[in-house]
Each structure stands twice: as C-alpha cells, then as structure tokens.
$ cat upload-v6.cif   # mmCIF, C-alpha atoms
data_work
loop_
_atom_site.label_atom_id
_atom_site.label_comp_id
_atom_site.auth_asym_id
_atom_site.auth_seq_id
_atom_site.Cartn_x
_atom_site.Cartn_y
_atom_site.Cartn_z
CA MET A 1 -5.26 -4.15 -5.01
CA GLN A 2 -2.41 -6.60 -4.84
CA VAL A 3 0.57 -4.80 -6.41
CA ASP A 4 1.42 -7.32 -9.09
CA ARG A 5 1.92 -10.07 -6.54
CA MET A 6 -1.48 -11.65 -6.49
CA PRO A 7 -1.01 -15.23 -5.47
CA GLN A 8 -2.10 -17.99 -7.83
CA PRO A 9 -5.81 -18.86 -7.66
CA MET A 10 -6.49 -21.12 -4.68
CA GLN A 11 -9.32 -23.16 -3.28
CA PRO A 12 -12.01 -21.02 -1.63
CA ARG A 13 -11.25 -22.43 1.82
CA ALA A 14 -7.51 -21.83 1.50
CA ALA A 15 -8.19 -18.33 0.21
CA ARG A 16 -10.44 -17.66 3.20
CA THR A 17 -7.77 -18.90 5.59
CA ARG A 18 -5.26 -16.56 3.99
CA GLU A 19 -7.67 -13.61 4.37
CA VAL A 20 -8.18 -14.35 8.06
CA LEU A 21 -4.47 -14.69 8.61
CA LEU A 22 -3.58 -11.51 6.73
CA ARG A 23 -6.07 -9.49 8.80
CA ALA A 24 -4.89 -11.02 12.08
CA ALA A 25 -1.34 -10.11 11.12
CA ALA A 26 -2.45 -6.56 10.22
CA GLU A 27 -4.10 -6.18 13.63
CA VAL A 28 -0.97 -7.24 15.47
CA PHE A 29 1.41 -5.20 13.27
CA ALA A 30 -0.82 -2.10 13.57
CA GLU A 31 -0.88 -2.45 17.35
CA VAL A 32 2.74 -3.21 18.20
CA GLY A 33 4.84 -2.81 15.04
CA TYR A 34 7.06 -5.37 13.36
CA THR A 35 9.70 -6.05 16.00
CA ARG A 36 7.28 -6.72 18.84
CA ALA A 37 4.87 -8.79 16.74
CA SER A 38 5.40 -12.54 16.92
CA LEU A 39 4.21 -15.27 14.61
CA VAL A 40 2.73 -17.08 17.61
CA LYS A 41 0.67 -14.04 18.57
CA ILE A 42 -0.58 -13.67 14.98
CA ILE A 43 -1.55 -17.34 14.75
CA GLU A 44 -3.38 -17.10 18.07
CA ARG A 45 -5.20 -13.97 16.92
CA ALA A 46 -6.26 -15.72 13.70
CA GLY A 47 -7.49 -18.76 15.64
CA LEU A 48 -5.74 -21.07 13.19
CA THR A 49 -3.43 -24.03 13.51
CA THR A 50 0.27 -23.58 12.84
CA GLY A 51 0.01 -25.93 9.86
CA ALA A 52 -2.66 -23.81 8.19
CA VAL A 53 -0.42 -20.78 8.59
CA TYR A 54 2.72 -22.34 7.18
CA PHE A 55 0.79 -23.37 4.08
CA HIS A 56 0.52 -19.65 3.25
CA PHE A 57 3.44 -17.94 4.92
CA LYS A 58 6.76 -19.27 6.11
CA SER A 59 7.66 -16.39 8.40
CA LYS A 60 6.69 -13.12 10.09
CA GLU A 61 8.64 -11.40 7.32
CA GLY A 62 6.49 -13.01 4.63
CA LEU A 63 3.35 -11.88 6.42
CA ALA A 64 4.72 -8.35 6.77
CA ARG A 65 5.50 -8.17 3.05
CA ALA A 66 1.96 -9.35 2.22
CA VAL A 67 0.47 -6.71 4.55
CA ILE A 68 2.60 -4.01 2.87
CA HIS A 69 1.65 -5.11 -0.67
CA GLU A 70 -2.04 -5.61 0.06
CA GLN A 71 -2.46 -2.54 2.30
CA ALA A 72 -5.18 -1.07 0.08
CA ALA A 73 -7.19 -4.30 -0.33
CA ASP A 74 -9.91 -3.18 2.13
CA VAL A 75 -10.12 0.42 0.90
CA GLU A 76 -13.32 1.20 -0.99
CA PHE A 77 -12.04 3.89 -3.28
CA PRO A 78 -14.52 6.71 -3.98
CA GLN A 79 -16.48 6.46 -7.21
CA GLY A 80 -16.03 9.12 -9.83
CA GLU A 81 -14.56 10.00 -13.18
CA PRO A 82 -10.73 10.03 -13.14
CA GLY A 83 -9.21 13.50 -12.90
CA LEU A 84 -8.25 16.11 -10.32
CA GLN A 85 -11.48 15.89 -8.32
CA HIS A 86 -11.17 12.12 -8.10
CA LEU A 87 -7.53 12.40 -7.01
CA ILE A 88 -8.51 14.84 -4.24
CA ASP A 89 -11.39 12.58 -3.21
CA ILE A 90 -9.08 9.53 -3.03
CA THR A 91 -6.48 11.29 -0.87
CA THR A 92 -9.18 12.73 1.40
CA HIS A 93 -10.78 9.31 1.76
CA LEU A 94 -7.41 7.72 2.59
CA ALA A 95 -6.93 10.21 5.43
CA VAL A 96 -10.09 8.87 7.06
CA GLU A 97 -9.19 5.25 6.24
CA LEU A 98 -5.81 5.73 7.91
CA GLN A 99 -7.68 6.40 11.13
CA GLN A 100 -9.70 3.20 11.05
CA ASN A 101 -8.75 0.65 8.34
CA THR A 102 -6.51 -1.88 10.08
CA LEU A 103 -4.95 -3.42 6.98
CA LEU A 104 -4.09 0.03 5.57
CA ARG A 105 -2.77 1.28 8.90
CA ALA A 106 -0.58 -1.79 9.34
CA GLY A 107 0.67 -1.73 5.74
CA VAL A 108 1.57 1.96 5.90
CA ARG A 109 3.22 1.57 9.28
CA LEU A 110 5.37 -1.31 8.04
CA ALA A 111 6.21 0.51 4.81
CA VAL A 112 7.52 3.48 6.82
CA GLU A 113 9.35 1.54 9.53
CA GLN A 114 10.64 -1.27 7.30
CA ASN A 115 14.19 0.09 7.21
CA GLU A 116 14.43 -0.93 10.86
CA VAL A 117 13.97 -4.52 9.73
CA ASP A 118 15.53 -4.45 6.24
CA LEU A 119 12.47 -5.38 4.21
CA GLN A 120 13.49 -3.06 1.33
CA GLU A 121 10.00 -2.90 -0.16
CA TYR A 122 9.92 0.07 -2.53
CA GLU A 123 7.28 -1.39 -4.85
CA ILE A 124 4.30 -0.16 -2.80
CA TYR A 125 5.46 3.47 -3.12
CA ARG A 126 5.73 2.98 -6.87
CA TRP A 127 2.24 1.46 -6.92
CA TRP A 128 0.68 4.50 -5.24
CA ALA A 129 2.62 6.86 -7.53
CA GLU A 130 1.30 4.94 -10.55
CA ARG A 131 -2.25 5.19 -9.21
CA PHE A 132 -1.96 8.96 -8.67
CA LYS A 133 -0.33 9.39 -12.07
CA GLU A 134 -3.32 7.79 -13.80
CA GLU A 135 -5.55 10.44 -12.22
CA LEU A 136 -3.19 13.20 -13.34
CA ALA A 137 -3.09 11.77 -16.87
CA ALA A 138 -6.90 11.90 -16.92
CA ALA A 139 -6.76 15.46 -15.57
CA ARG A 140 -4.41 16.37 -18.42
CA LEU A 141 -6.88 15.08 -21.01
CA LYS A 142 -9.61 17.16 -19.37
CA GLY A 143 -7.46 20.31 -19.60
CA GLN A 144 -7.19 20.51 -15.81
CA LEU A 145 -3.37 20.67 -15.65
CA LEU A 146 -0.98 23.54 -16.24
CA PRO A 147 1.22 22.88 -19.30
CA SER A 148 4.37 22.85 -17.13
CA VAL A 149 3.25 19.91 -14.95
CA ASP A 150 5.26 16.67 -15.19
CA GLU A 151 2.71 14.02 -14.17
CA THR A 152 5.31 11.41 -13.20
CA ALA A 153 7.29 13.80 -11.01
CA PHE A 154 4.17 15.24 -9.44
CA ALA A 155 2.69 11.83 -8.65
CA SER A 156 5.92 10.85 -6.93
CA LEU A 157 5.94 14.12 -4.96
CA LEU A 158 2.36 13.48 -3.91
CA VAL A 159 3.24 10.04 -2.53
CA ALA A 160 6.23 11.53 -0.69
CA ALA A 161 4.21 14.43 0.73
CA TYR A 162 1.41 12.09 1.79
CA THR A 163 3.87 9.72 3.45
CA GLY A 164 5.55 12.49 5.41
CA THR A 165 2.24 14.12 6.30
CA GLN A 166 0.82 10.96 7.83
CA ILE A 167 4.03 10.36 9.82
CA MET A 168 3.84 13.89 11.25
CA SER A 169 0.12 13.57 11.96
CA GLN A 170 0.66 10.21 13.68
CA LEU A 171 3.29 11.74 15.98
CA ALA A 172 1.43 14.99 16.62
CA THR A 173 -2.13 13.72 17.14
CA GLN A 174 -2.30 9.96 16.46
CA ARG A 175 -3.67 10.96 13.02
CA ALA A 176 -6.67 12.86 14.41
CA ASP A 177 -5.59 15.93 12.38
CA LEU A 178 -4.71 14.00 9.20
CA PRO A 179 -7.79 15.07 7.17
CA GLY A 180 -7.01 18.70 8.01
CA ARG A 181 -3.40 18.26 6.98
CA ILE A 182 -4.43 16.71 3.64
CA LEU A 183 -6.75 19.66 3.02
CA SER A 184 -3.82 22.00 3.71
CA LEU A 185 -1.59 19.92 1.40
CA TRP A 186 -4.01 20.45 -1.48
CA GLN A 187 -4.34 24.15 -0.76
CA CYS A 188 -0.56 24.41 -1.08
CA LEU A 189 -0.18 22.15 -4.13
CA LEU A 190 -3.12 23.02 -6.37
CA PRO A 191 -1.70 26.35 -7.63
CA ALA A 192 1.29 24.38 -9.01
CA LEU A 193 -0.97 21.87 -10.69
CA ALA A 194 -3.99 23.53 -12.21
CA PRO A 195 -5.04 26.88 -13.69
CA ALA A 196 -7.28 29.06 -11.52
CA ASN A 197 -10.44 28.29 -13.52
CA ALA A 198 -9.94 24.53 -13.04
CA ILE A 199 -9.25 24.99 -9.31
CA ALA A 200 -12.45 27.03 -8.96
CA GLN A 201 -14.46 24.00 -10.08
CA LEU A 202 -12.97 21.62 -7.51
CA THR A 203 -14.42 20.71 -4.14
CA ILE A 204 -11.89 20.19 -1.39
CA PRO A 205 -13.82 18.54 1.43
CA VAL A 206 -13.37 20.30 4.77
CA PRO A 207 -12.75 17.75 7.55
CA GLY A 208 -15.76 17.12 9.75
CA SER A 209 -18.26 18.27 7.15
CA ALA A 210 -20.74 16.02 5.34
CA GLY A 211 -19.33 13.65 2.73
CA GLN A 212 -16.34 12.76 4.88
CA GLY A 213 -17.12 9.07 4.65
CA GLY A 214 -18.67 8.86 8.09
CA ALA A 215 -15.43 9.60 9.96
CA MET B 1 21.08 23.24 16.63
CA GLN B 2 19.62 21.65 19.72
CA VAL B 3 15.87 22.10 19.44
CA ASP B 4 15.22 23.93 22.70
CA ARG B 5 16.80 21.15 24.71
CA MET B 6 20.34 22.39 24.98
CA PRO B 7 21.78 20.87 28.13
CA GLN B 8 23.03 23.17 30.87
CA PRO B 9 26.61 24.44 30.41
CA MET B 10 29.07 21.77 31.48
CA GLN B 11 32.78 21.41 32.07
CA PRO B 12 34.76 21.21 28.81
CA ARG B 13 35.84 17.64 29.50
CA ALA B 14 32.30 16.47 30.25
CA ALA B 15 31.05 18.26 27.17
CA ARG B 16 33.69 16.53 25.07
CA THR B 17 32.73 13.15 26.47
CA ARG B 18 29.10 13.83 25.59
CA GLU B 19 30.11 14.75 22.02
CA VAL B 20 32.07 11.52 21.59
CA LEU B 21 29.20 9.50 23.00
CA LEU B 22 26.55 11.17 20.85
CA ARG B 23 28.55 10.49 17.68
CA ALA B 24 29.24 6.88 18.64
CA ALA B 25 25.51 6.42 19.23
CA ALA B 26 24.75 8.04 15.88
CA GLU B 27 27.14 5.64 14.13
CA VAL B 28 25.49 2.60 15.67
CA PHE B 29 21.91 3.86 15.14
CA ALA B 30 22.68 4.80 11.53
CA GLU B 31 24.11 1.34 10.89
CA VAL B 32 21.62 -0.97 12.56
CA GLY B 33 18.61 1.12 13.70
CA TYR B 34 17.19 1.48 17.18
CA THR B 35 16.10 -2.05 18.01
CA ARG B 36 19.36 -3.73 17.11
CA ALA B 37 21.54 -1.06 18.71
CA SER B 38 22.68 -1.83 22.27
CA LEU B 39 24.04 0.49 24.94
CA VAL B 40 27.01 -1.85 25.33
CA LYS B 41 27.85 -1.58 21.63
CA ILE B 42 27.60 2.22 21.78
CA ILE B 43 29.83 2.45 24.86
CA GLU B 44 32.39 0.19 23.18
CA ARG B 45 32.30 2.28 20.02
CA ALA B 46 32.84 5.46 22.07
CA GLY B 47 35.74 3.88 23.95
CA LEU B 48 34.35 5.18 27.25
CA THR B 49 33.68 3.66 30.64
CA THR B 50 30.13 2.83 31.62
CA GLY B 51 30.29 5.43 34.42
CA ALA B 52 31.17 8.24 32.01
CA VAL B 53 28.20 7.27 29.89
CA TYR B 54 25.65 7.12 32.70
CA PHE B 55 26.69 10.62 33.77
CA HIS B 56 25.17 11.86 30.50
CA PHE B 57 22.54 9.34 29.48
CA LYS B 58 20.63 6.81 31.52
CA SER B 59 19.46 4.64 28.63
CA LYS B 60 19.54 3.84 24.93
CA GLU B 61 16.27 5.74 24.69
CA GLY B 62 17.86 8.89 26.12
CA LEU B 63 20.68 8.64 23.57
CA ALA B 64 18.20 8.12 20.75
CA ARG B 65 16.24 11.22 21.76
CA ALA B 66 19.46 13.27 21.86
CA VAL B 67 20.44 12.02 18.38
CA ILE B 68 16.99 12.97 17.07
CA HIS B 69 17.08 16.47 18.62
CA GLU B 70 20.66 17.24 17.66
CA GLN B 71 20.52 15.68 14.18
CA ALA B 72 21.54 18.94 12.49
CA ALA B 73 24.41 19.79 14.87
CA ASP B 74 27.08 18.75 12.34
CA VAL B 75 25.43 20.33 9.31
CA GLU B 76 27.22 23.40 8.00
CA PHE B 77 24.29 25.25 6.52
CA PRO B 78 25.04 27.16 3.32
CA GLN B 79 25.74 30.87 3.71
CA GLY B 80 23.42 33.35 2.08
CA GLU B 81 20.71 35.89 2.59
CA PRO B 82 17.44 34.33 3.82
CA GLY B 83 14.84 33.85 1.11
CA LEU B 84 13.83 31.38 -1.59
CA GLN B 85 17.34 30.82 -2.96
CA HIS B 86 18.66 30.11 0.52
CA LEU B 87 15.81 27.69 1.20
CA ILE B 88 16.56 25.82 -2.02
CA ASP B 89 20.28 25.79 -1.18
CA ILE B 90 19.59 24.40 2.31
CA THR B 91 17.39 21.56 1.04
CA THR B 92 19.86 20.73 -1.72
CA HIS B 93 22.72 20.69 0.76
CA LEU B 94 20.75 18.45 3.12
CA ALA B 95 20.29 15.91 0.32
CA VAL B 96 24.07 15.54 0.09
CA GLU B 97 24.47 15.58 3.88
CA LEU B 98 21.94 12.74 4.15
CA GLN B 99 24.35 10.64 2.11
CA GLN B 100 27.33 11.19 4.40
CA ASN B 101 26.64 13.02 7.69
CA THR B 102 26.30 10.27 10.30
CA LEU B 103 24.54 12.32 12.99
CA LEU B 104 21.97 13.61 10.49
CA ARG B 105 21.44 10.15 8.96
CA ALA B 106 20.94 8.59 12.38
CA GLY B 107 18.66 11.36 13.63
CA VAL B 108 16.48 11.24 10.53
CA ARG B 109 16.35 7.45 10.60
CA LEU B 110 15.26 7.42 14.24
CA ALA B 111 12.72 10.22 13.66
CA VAL B 112 11.10 8.16 10.89
CA GLU B 113 11.20 4.76 12.59
CA GLN B 114 10.49 5.98 16.13
CA ASN B 115 6.89 4.78 16.10
CA GLU B 116 8.31 1.25 16.21
CA VAL B 117 9.78 2.11 19.61
CA ASP B 118 7.24 4.66 20.91
CA LEU B 119 9.56 7.64 21.24
CA GLN B 120 6.81 10.10 20.19
CA GLU B 121 9.23 12.86 19.24
CA TYR B 122 7.32 15.37 17.11
CA GLU B 123 9.39 18.39 18.14
CA ILE B 124 12.12 17.85 15.54
CA TYR B 125 9.57 18.03 12.69
CA ARG B 126 8.29 21.29 14.15
CA TRP B 127 11.86 22.60 14.38
CA TRP B 128 12.54 22.00 10.70
CA ALA B 129 9.18 23.55 9.75
CA GLU B 130 10.07 26.63 11.82
CA ARG B 131 13.45 26.85 10.07
CA PHE B 132 11.87 26.62 6.60
CA LYS B 133 9.17 29.10 7.59
CA GLU B 134 11.79 31.72 8.48
CA GLU B 135 13.15 31.45 4.94
CA LEU B 136 9.66 31.78 3.48
CA ALA B 137 8.99 34.83 5.68
CA ALA B 138 12.16 36.43 4.33
CA ALA B 139 11.08 35.48 0.80
CA ARG B 140 7.76 37.21 1.46
CA LEU B 141 9.51 40.45 2.45
CA LYS B 142 11.55 40.26 -0.75
CA GLY B 143 8.39 39.93 -2.85
CA GLN B 144 9.33 36.38 -3.89
CA LEU B 145 6.06 34.71 -2.83
CA LEU B 146 2.68 34.59 -4.49
CA PRO B 147 0.04 36.43 -2.41
CA SER B 148 -1.91 33.19 -1.87
CA VAL B 149 0.94 31.35 -0.11
CA ASP B 150 0.45 30.44 3.57
CA GLU B 151 4.02 30.27 4.89
CA THR B 152 3.17 28.08 7.89
CA ALA B 153 1.24 25.52 5.84
CA PHE B 154 3.86 25.50 3.09
CA ALA B 155 6.76 25.03 5.52
CA SER B 156 4.96 22.06 7.05
CA LEU B 157 4.28 20.58 3.60
CA LEU B 158 7.94 21.01 2.73
CA VAL B 159 9.02 19.05 5.82
CA ALA B 160 6.49 16.33 4.98
CA ALA B 161 7.52 16.14 1.33
CA TYR B 162 11.21 16.06 2.27
CA THR B 163 10.61 13.32 4.83
CA GLY B 164 8.71 11.14 2.38
CA THR B 165 11.17 11.82 -0.42
CA GLN B 166 14.16 10.69 1.61
CA ILE B 167 12.32 7.52 2.72
CA MET B 168 11.54 6.65 -0.89
CA SER B 169 15.07 7.47 -2.02
CA GLN B 170 16.53 5.35 0.79
CA LEU B 171 14.43 2.36 -0.29
CA ALA B 172 14.93 2.85 -4.02
CA THR B 173 18.66 3.67 -4.18
CA GLN B 174 20.09 3.98 -0.65
CA ARG B 175 19.71 7.77 -1.17
CA ALA B 176 21.97 7.89 -4.24
CA ASP B 177 19.14 9.62 -6.16
CA LEU B 178 18.11 11.97 -3.33
CA PRO B 179 19.65 15.15 -4.82
CA GLY B 180 17.79 14.45 -8.09
CA ARG B 181 14.54 13.88 -6.22
CA ILE B 182 14.94 17.18 -4.33
CA LEU B 183 15.53 18.98 -7.62
CA SER B 184 12.33 17.41 -8.95
CA LEU B 185 10.48 18.41 -5.76
CA TRP B 186 11.39 22.05 -6.31
CA GLN B 187 10.43 21.91 -9.99
CA CYS B 188 6.99 20.70 -8.88
CA LEU B 189 6.56 23.11 -5.95
CA LEU B 190 7.97 26.41 -7.16
CA PRO B 191 5.02 27.33 -9.41
CA ALA B 192 2.79 27.18 -6.29
CA LEU B 193 5.16 29.37 -4.32
CA ALA B 194 6.58 32.13 -6.48
CA PRO B 195 5.64 34.23 -9.50
CA ALA B 196 7.41 33.39 -12.77
CA ASN B 197 9.75 36.41 -12.62
CA ALA B 198 10.97 35.38 -9.15
CA ILE B 199 11.45 31.75 -10.28
CA ALA B 200 13.47 32.94 -13.26
CA GLN B 201 16.04 34.46 -10.90
CA LEU B 202 16.59 31.27 -8.88
CA THR B 203 19.30 28.68 -9.37
CA ILE B 204 18.26 25.10 -8.72
CA PRO B 205 21.49 23.13 -8.56
CA VAL B 206 21.50 20.09 -10.83
CA PRO B 207 22.91 17.02 -9.02
CA GLY B 208 26.42 16.14 -10.01
CA SER B 209 27.26 19.65 -11.23
CA ALA B 210 29.72 22.00 -9.51
CA GLY B 211 28.66 23.51 -6.21
CA GLN B 212 27.10 20.27 -5.00
CA GLY B 213 29.23 20.24 -1.87
CA GLY B 214 31.62 17.59 -3.17
CA ALA B 215 29.04 14.81 -3.27
#
$ encode --input "upload-v6.cif" --output "structure tokens"
Amino acid sequence: MQVDRMPQPMQPRAARTREVLLRAAAEVFAEVGYTRASLVKIIERAGLTTGAVYFHFKSKEGLARAVIHEQAADVEFPQGEPGLQHLIDITTHLAVELQQNTLLRAGVRLAVEQNEVDLQEYEIYRWWAERFKEELAAARLKGQLLPSVDETAFASLLVAAYTGTQIMSQLATQRADLPGRILSLWQCLLPALAPANAIAQLTIPVPGSAGQGGA
Amino acid sequence: MQVDRMPQPMQPRAARTREVLLRAAAEVFAEVGYTRASLVKIIERAGLTTGAVYFHFKSKEGLARAVIHEQAADVEFPQGEPGLQHLIDITTHLAVELQQNTLLRAGVRLAVEQNEVDLQEYEIYRWWAERFKEELAAARLKGQLLPSVDETAFASLLVAAYTGTQIMSQLATQRADLPGRILSLWQCLLPALAPANAIAQLTIPVPGSAGQGGA
C-alpha cells in the first residue's frame, strides 16, 4: 500500500533503486531511530551513489516520510472474506510482522516518534483506520455487528488501541508479548462489537499455536 | 504521584529547588522534545546555578526520567467515589489537562518518544494501568461490570487506547479534539464493560459543555 502518495510510474531500474533505498533507510531507522540515522549511513547501507539517491529523495526527512507512508508495502495481508474474522486475522498477523518486518517496524517507529522531529504525518493513522473500517462495514453487512456500533469511531479506536499496545509491548518486552496483548485486546473489545452468537463463530488465534504465520 | 520513586525526604529549600527544576525541564521538554532540549537551556529556564542542579540531577536523562515518573504530580484528580463514573471523569479530566498541564504534557511526550532515546521506562504505563484497575475493581464491587470483564486486561487496554488516542489527536489537531476523542472512546468501550442499566446511570461529559474543567 502507498497511502495515496504512489509516485509517478518510473523506469524499472529507477524503481528498483528506490526500493533498495527505501529498505536501506527502513533498516537504519528501525535500528537507531530518526535522530541518529544519517543520510550518509543510509546511502552506504544501500550501496548506491549519492547521485542515485538524490534523484529519489532530497533529504533524510523525505526518506522518513516515504517509510511512514509505505510501512505496509511488505506486509502480505492474510487472505479471507472481509468481516470480523478477517479483521482479527489482520491484526494478529500484524503483531507477528511487527516483530520481524523491517519496513513496518521502521514506519511504525517513525510514526510514533515523529513529534520529536516535527514530521506531522497523520495520514498513515487515517489510512489504517480506513482499512479497519472497510472490514467493519463488511461485518455489518454480514450481521456480525451490534446495532449500536459506529464503524468509523470503532475503527479509529482500534488504530489508537493498537498503537498504544505496540508501544507498551515494545517497552515491556521488545514486542515479544505483542501477539498475546492483541489477543487480550480482542477479548476486551469483542463484547462491544458483536453479539454473542457472532463471537462464538470467531477464531482468535492463541499466540504460539499453529497458524501464527511461522512466528 | 511519584511512581514508587519518591526521593528521600529533603530540606524544604532543596525540595523547592527540585520542584522549580522539574517544571523548567518539563517546559523545555514539552516545547522541543528530548533531543533538542539541553541541560544548559533547562538550567537557564529554572534560573538556578549549575551546582544546585547537579545536586538533584546528574544529566538531562535523569531529568527526563523524573518528568516521566512525576507526570501526574500537578494533576488535581476529580473527586468522587471510585467506580465507573470516577474512571470516566478521570479520563475526561486528563484530556483537558493534556491541553494545558505542562508537566503532564512533557511526561506523556517523553513516555511516547522515549524509544528514540532508549530510556526504556515502562513503569509509568504500569502505574496508570494500576490506577485504572483500582477504579474497575471498585466498579466490580458496585455491580457495574459485566461478569466477563477482566479488570487487569481492560485497564491495560484503556492505557493503550488512551496513549494512541492522544498521539493521533496531537498529530491531527494539536490535541484540540482530544476531549471529543475520549468521549468517542467511552461510547465504543462501555458496552464491553458494563450492563445497559449501569451505562444508563453514567454521565459522559460532552466536550465544551459545563463541567469540562474550564477548557
């Protein structure tokens, strides 16, 4: 996904250079954060010339914004029909991805710590809320939601709760307990979202069991 | 509150110096964040000598940790009997405080962005969860909770959701819409927490109305 900021089509070689650069930047940002990352270090990591880099990005800030916007580009979202089960599967999958997917880890880290460097990038939070809302809208059509549920408000709450949960998990255990915390999040939230008979038909994957995406 | 790290009793004058210093640090951290804050700037702001400062704190990091731990020291928590209404009142009050209470703003900012500077302070998140859990335990005794609710898990979710909500509100509107977002959070969460007859007896303050603490 590219959050409405997909660059114009480019030549395959230029596109490949950009990919390499974006991932080198993600590695460095994920390791040391924004302040301690330097453009020189990123260029070195990418094994590119300075000229090739400046064709795509003018600054560390530009690279950071691209990493934030394209944080989910390497996530292979779980297959499945949209609805509550799919929403649970996506959030469970993301908990594992946040332990190992460098672009996602870097993008989430920058999105959380961006205030420190005044990036003011709210769009990515809106993007996730929109994505979750689509699943809730599908759940509504399937009769999986309680009549009282406001899909827009709930999607926004879910993004907020997920954001805070991963911050706490990062501090407490370097995200080792994140899948368990997401399980607990759903156990708390589901009674506000769905009637008991719909909940009974859902599978909330228990961390460490089969189907956890090989984590 | 001091999160289990209350310093030993000190002479009144030394204690006053520490207070002045902590609030000067909070001002600077709230304005520019950790990286761009300097010990020199904080000492200047406090109008103290370097010696007076080093008696209390050896480094910017030490000051930042104190601001994180003591973030709620200037919050006048709403009166009231513990329980669901009190919990709602506390979170609503905090939304207004986060717009104007410098020590709280700085402490929350540092707690969120601390990964950028490796402070690894999880304790403050645990402290808030403990505080919310006490209210939920009181709510349980009053018969305000659904039997299914796990107070520990829900308190932790509430801290996570609050943390994420204030980050999003900060990015979207510099926290101008935070009281509205907290109202929305409760509208989403309450059906998972309390039976309908208990919800019917609660007052969720609407932002901008009377009783909003003068915000």
$ interface_residues --input "upload-v6.cif" --of "chain B" --to "chain A" --cutoff "9 Å" --atoms "all atoms listed in the file" --output "JSON, numbers by chain"
{"B": [32, 33, 34, 35, 36, 109, 112, 113, 114, 115, 116, 117, 120, 121, 122, 123, 125, 148, 149, 150, 153, 154, 156, 157, 158, 159, 160, 161, 162, 163, 164, 165, 166, 167, 168, 170, 171, 172, 181, 184, 185, 187, 188, 189, 190, 191, 192, 193]}
$ residues_around --input "upload-v6.cif" --residues "segment 81-92 of chain B" --least-positions-apart "5" --cutoff "8 Å" --atoms "all atoms listed in the file" --output "number ranges by chain"
B: 132, 134-140, 142, 144, 179, 182-183, 186, 202-205, 212
$ resolve_selection --input "upload-v6.cif" --expression "the PyMOL selection byres ((chain A and resi 65) around 9)" --output "PyMOL selection string"
chain A and resi 60-64+66-70+107+110-111+119+121
$ residues_around --input "upload-v6.cif" --residues "Val53 of chain B" --least-positions-apart "5" --cutoff "12 Å" --atoms "all atoms listed in the file" --output "PDB file with C-alpha atoms, in the frame of the given file"
ATOM      1  CA  ALA B  14      32.300  16.470  30.250  1.00  0.00           C
ATOM      2  CA  ALA B  15      31.050  18.260  27.170  1.00  0.00           C
ATOM      3  CA  ARG B  16      33.690  16.530  25.070  1.00  0.00           C
ATOM      4  CA  THR B  17      32.730  13.150  26.470  1.00  0.00           C
ATOM      5  CA  ARG B  18      29.100  13.830  25.590  1.00  0.00           C
ATOM      6  CA  GLU B  19      30.110  14.750  22.020  1.00  0.00           C
ATOM      7  CA  VAL B  20      32.070  11.520  21.590  1.00  0.00           C
ATOM      8  CA  LEU B  21      29.200   9.500  23.000  1.00  0.00           C
ATOM      9  CA  LEU B  22      26.550  11.170  20.850  1.00  0.00           C
ATOM     10  CA  ALA B  24      29.240   6.880  18.640  1.00  0.00           C
ATOM     11  CA  ALA B  25      25.510   6.420  19.230  1.00  0.00           C
ATOM     12  CA  LEU B  39      24.040   0.490  24.940  1.00  0.00           C
ATOM     13  CA  VAL B  40      27.010  -1.850  25.330  1.00  0.00           C
ATOM     14  CA  ILE B  42      27.600   2.220  21.780  1.00  0.00           C
ATOM     15  CA  ILE B  43      29.830   2.450  24.860  1.00  0.00           C
ATOM     16  CA  GLU B  44      32.390   0.190  23.180  1.00  0.00           C
ATOM     17  CA  ARG B  45      32.300   2.280  20.020  1.00  0.00           C
ATOM     18  CA  ALA B  46      32.840   5.460  22.070  1.00  0.00           C
ATOM     19  CA  GLY B  47      35.740   3.880  23.950  1.00  0.00           C
ATOM     20  CA  LEU B  48      34.350   5.180  27.250  1.00  0.00           C
ATOM     21  CA  LYS B  58      20.630   6.810  31.520  1.00  0.00           C
ATOM     22  CA  SER B  59      19.460   4.640  28.630  1.00  0.00           C
ATOM     23  CA  LYS B  60      19.540   3.840  24.930  1.00  0.00           C
ATOM     24  CA  GLY B  62      17.860   8.890  26.120  1.00  0.00           C
ATOM     25  CA  LEU B  63      20.680   8.640  23.570  1.00  0.00           C
TER      26      LEU B  63
END
$ closest_residue --input "upload-v6.cif" --among "B:Pro195, B:Phe57, B:Ala73, B:Gly143" --to "Arg105 of chain B" --atoms "only C-alpha atoms"
B:Ala73
$ closest_residue --input "upload-v6.cif" --among "B:His93, B:His56, B:Lys41, B:Arg13" --to "Pro207 of chain B" --atoms "only C-alpha atoms"
B:His93
$ atom_distance --input "upload-v6.cif" --atom1 "atom CA of Gln201 of chain B" --atom2 "atom CA of Leu145 of chain A"
24.3 Å
